[in-house]
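**Student:** I have a structure here, written as structure tokens, and I will follow up with some questions on it.
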Amino acid sequence: MRSYHRASSSMPLKDAGLVEFAAEDQDTLAVLTEALAEFSASDASPLAMRYDEDRKLLNLMSKLQRRLPSEAALRARCRIGYDSKEDSSGEAEKDGWIPLAELFGEVGGTSIADYILHRAYTLYLQPIVQTNGSIVGYEFLTRSLPEQAPFRPAELFETARKIGQHSFLDRAARLLAVRMGAAHLAPGMLRFVNFLPSSLHQPDACLKCIFDAMRETGTDPRDCVFEVMESEPLDDPRLPDVFSVYRKEGVRVALDDVGSGFATLDVVERLQPDYVKMDRRWVSRCDQDTDKQRYIDRLLERVSRFNGVVLAEGVERLEEWNYLKQAGVPLFQGYLFGRAAPVPIPAPAAVL
């Protein structure tokens with residue numbers, strides 16, 4: 001039985017499948033046929049291609065997005081099928097057919113496929129400090145390359161999510177973080193790396209390449225902290241399984257932006273991450289706001305129940321840092337300690 005890719009905001013494309021096309025006008029058919037001919041032909045149809053890795057599919061989508069006018073891409077149809085017994089209900093159209101344009105997306109004039117294929121982005125490192133101001137780790141943050149048009153990282157990942165390519169982008173960024181960490185950071189230095197929960201539709205399979213990269217680069221998994229991005233709902237029943245797979249390899253997990261959006265105190269207690277990153281909304285001028293101080297106390301109390309570690313994000317003022325230390329927060333991140341940079345930066349003398 002074949003299931004089809006669902007054109008939904010949370011269903012990622014998979015690493016292997018059969019992509020098929022249909023079009024009525026001859027010009028579009030010619031472009032499709034020519035592009036497919038550059039790859040291994042499928043025995044199913046001249047307008048189909050089997051792929052067994054993400055790069056093959058991304059290369060095809062990149063070529064088609066460059067060669068097809070937007071109106072032609074809207075009229076052409078596409079479907080991606082998987083040899084699976086998964087339920088295929090909820091598709092955008094009967095039998096999985098969707099407009100080809102729904103698999104195209106770009107940010108700053110560059111297609112999402114090209115961002116992934118050609119690594120048209122980089123990662124910056126922002127320091128994380130402890131109460132004495134010394135650096136204990138860095139968070140890896142997606143940034144534009146110096147020679148390209150700037151983009152907002154949230155827009156890049158959101159656009160990738162809309163077209164189903166967020167799993168590929170998320171994995172590529174995590175792999176780059178592991179390799180950059182091995183190149184720039186000493187053993188024992190923590191590496192905080194973001195991930196999208198919806199991208200890990202099969203945790204064991206999806207994370208295998210990450211663990212392989214750790215072994216290849218000599219990275220101690222205990223130095224890695226993978227943090228759940230708060231941009232998606234945190235009620236996915238697979239999320240505890242993802243945490244379990246990470247922890248089984250020695251990797252620790254974190255919940256980002258706690259106190260904002262989906263990351264509530266109840267979610268924190270249910271998921272029990274190793275690190276809880278308190279959203280900057282509770283940090284900004286917390287030394288002057290009793291409501292924020294009460295929230296900080298509640299968060300610290302909740303997290304202490306499962307021996308988690310609270311990290312305060314967005315610390316910009318010395319007064320905030322002093323209050324948070326007094327309240328019992330052990331880890332900190334923010335402009336007070338340094339902005340994200342292409343290479344690790346030392347802690348400023350003012351906080352040491």
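A note on labels: chains of the structure tokens are A, B, ... as shown, every chain counts residues from 1, and ligands are counted from 1 in their shown order.
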Write out, as CSV, each residue of segment 178-247 of chain A that has an atom at most 10 Å from segment 129-141 of chain A, together with the closest pair of atoms and their distance in Å to one decimal, counting only C-alpha atoms, rows going by chain and rising number.

**Tutor:**
residue,atom,partner,partner_atom,distance
A:Val178,CA,A:Phe140,CA,9.5
A:Met180,CA,A:Phe140,CA,9.1
A:Gly181,CA,A:Phe140,CA,8.8
A:Leu185,CA,A:Gly137,CA,8.7
A:Ala186,CA,A:Gly137,CA,9.9
A:Gly188,CA,A:Val136,CA,8.2
A:Met189,CA,A:Gly137,CA,5.0
A:Leu190,CA,A:Gly137,CA,4.0
A:Arg191,CA,A:Tyr138,CA,5.3
A:Phe192,CA,A:Glu139,CA,4.4
A:Val193,CA,A:Phe140,CA,5.6
A:Asn194,CA,A:Phe140,CA,7.5
A:Asp223,CA,A:Gly137,CA,8.7
A:Cys224,CA,A:Gly137,CA,9.5
A:Val225,CA,A:Glu139,CA,9.1
A:Phe226,CA,A:Glu139,CA,9.7
A:Glu227,CA,A:Glu139,CA,9.6

**Student:** Suppose we keep N, CA and C atoms; can you now write the selection as a PDB file, in the first residue's frame?

**Tutor:**
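Dumped everything to part-v9.pdb:
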ATOM      1  N   VAL A 178      27.240  20.083  14.661  1.00  0.00           N
ATOM      2  CA  VAL A 178      28.127  19.060  15.222  1.00  0.00           C
ATOM      3  C   VAL A 178      29.541  19.238  14.687  1.00  0.00           C
ATOM      4  N   MET A 180      30.921  22.002  13.273  1.00  0.00           N
ATOM      5  CA  MET A 180      31.525  23.257  13.726  1.00  0.00           C
ATOM      6  C   MET A 180      31.941  23.162  15.184  1.00  0.00           C
ATOM      7  N   GLY A 181      31.128  22.505  15.988  1.00  0.00           N
ATOM      8  CA  GLY A 181      31.479  22.338  17.395  1.00  0.00           C
ATOM      9  C   GLY A 181      32.773  21.572  17.559  1.00  0.00           C
ATOM     10  N   LEU A 185      35.329  24.076  19.349  1.00  0.00           N
ATOM     11  CA  LEU A 185      35.145  24.022  20.797  1.00  0.00           C
ATOM     12  C   LEU A 185      35.930  22.875  21.423  1.00  0.00           C
ATOM     13  N   ALA A 186      36.451  23.140  22.612  1.00  0.00           N
ATOM     14  CA  ALA A 186      37.196  22.121  23.341  1.00  0.00           C
ATOM     15  C   ALA A 186      36.246  21.096  23.954  1.00  0.00           C
ATOM     16  N   GLY A 188      34.185  19.132  26.557  1.00  0.00           N
ATOM     17  CA  GLY A 188      33.617  19.618  27.804  1.00  0.00           C
ATOM     18  C   GLY A 188      32.810  20.889  27.658  1.00  0.00           C
ATOM     19  N   MET A 189      32.966  21.591  26.520  1.00  0.00           N
ATOM     20  CA  MET A 189      32.194  22.808  26.265  1.00  0.00           C
ATOM     21  C   MET A 189      30.840  22.400  25.684  1.00  0.00           C
ATOM     22  N   LEU A 190      29.759  22.895  26.282  1.00  0.00           N
ATOM     23  CA  LEU A 190      28.418  22.519  25.842  1.00  0.00           C
ATOM     24  C   LEU A 190      28.084  23.145  24.491  1.00  0.00           C
ATOM     25  N   ARG A 191      27.338  22.392  23.664  1.00  0.00           N
ATOM     26  CA  ARG A 191      26.900  22.880  22.353  1.00  0.00           C
ATOM     27  C   ARG A 191      25.374  22.759  22.304  1.00  0.00           C
ATOM     28  N   PHE A 192      24.668  23.898  22.354  1.00  0.00           N
ATOM     29  CA  PHE A 192      23.211  23.920  22.296  1.00  0.00           C
ATOM     30  C   PHE A 192      22.782  24.048  20.836  1.00  0.00           C
ATOM     31  N   VAL A 193      21.986  23.092  20.369  1.00  0.00           N
ATOM     32  CA  VAL A 193      21.597  23.017  18.966  1.00  0.00           C
ATOM     33  C   VAL A 193      20.075  22.884  18.878  1.00  0.00           C
ATOM     34  N   ASN A 194      19.440  23.743  18.074  1.00  0.00           N
ATOM     35  CA  ASN A 194      17.985  23.704  17.931  1.00  0.00           C
ATOM     36  C   ASN A 194      17.531  22.560  17.042  1.00  0.00           C
ATOM     37  N   ASP A 223      28.445  16.418  25.562  1.00  0.00           N
ATOM     38  CA  ASP A 223      28.664  17.852  25.357  1.00  0.00           C
ATOM     39  C   ASP A 223      27.540  18.495  24.554  1.00  0.00           C
ATOM     40  N   CYS A 224      26.631  17.698  24.029  1.00  0.00           N
ATOM     41  CA  CYS A 224      25.579  18.208  23.137  1.00  0.00           C
ATOM     42  C   CYS A 224      24.247  18.332  23.871  1.00  0.00           C
ATOM     43  N   VAL A 225      23.590  19.463  23.645  1.00  0.00           N
ATOM     44  CA  VAL A 225      22.247  19.704  24.181  1.00  0.00           C
ATOM     45  C   VAL A 225      21.366  20.099  23.008  1.00  0.00           C
ATOM     46  N   PHE A 226      20.399  19.255  22.679  1.00  0.00           N
ATOM     47  CA  PHE A 226      19.503  19.563  21.568  1.00  0.00           C
ATOM     48  C   PHE A 226      18.221  20.151  22.136  1.00  0.00           C
ATOM     49  N   GLU A 227      17.904  21.360  21.671  1.00  0.00           N
ATOM     50  CA  GLU A 227      16.778  22.087  22.258  1.00  0.00           C
ATOM     51  C   GLU A 227      15.606  22.191  21.291  1.00  0.00           C
TER      52      GLU A 227
END

**Student:** Can you tell me, as number ranges by chain, what residues are no more than 9 Å from Leu239 of chain A when counting only C-alpha atoms, ignoring any on the same chain fewer than 5 positions away?

**Tutor:** A: 197-198, 200, 203, 234, 244, 271

**Student:** Applying 10 Å and only C-alpha atoms, which residues near Val283 of chain A remain after dropping the ones on its own chain fewer than 2 positions away? List them as a list in words.

**Tutor:**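 What passes the distance filter is Met278, Asp279, Arg280, Arg281, Arg285, Cys286, Asp287, Asp289, Lys292, Gln293, Ile296, Ala312, Glu313, Gly314, Val315, Glu316, Arg317, Glu320, Trp321, Tyr323 and Leu324 of chain A.
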
**Student:** Could you pull out the residues in segment 219-338 of chain A that DSSP calls alpha helix (DSSP H) from the backbone, as a ChimeraX atom specification?

**Tutor:** /A:239-248,265-271,280-283,290-304,318-327

**Student:** List the spatial neighbours of Ile163 of chain A as a list of chain:residue names - criterion: any atom at most 7 Å away, only C-alpha atoms, same-chain residues fewer than 3 positions off excluded.

**Tutor:**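 Counting only C-alpha atoms, the residues come to A:Glu102, A:Leu103, A:Phe104, A:Gly105, A:Thr159, A:Ala160.
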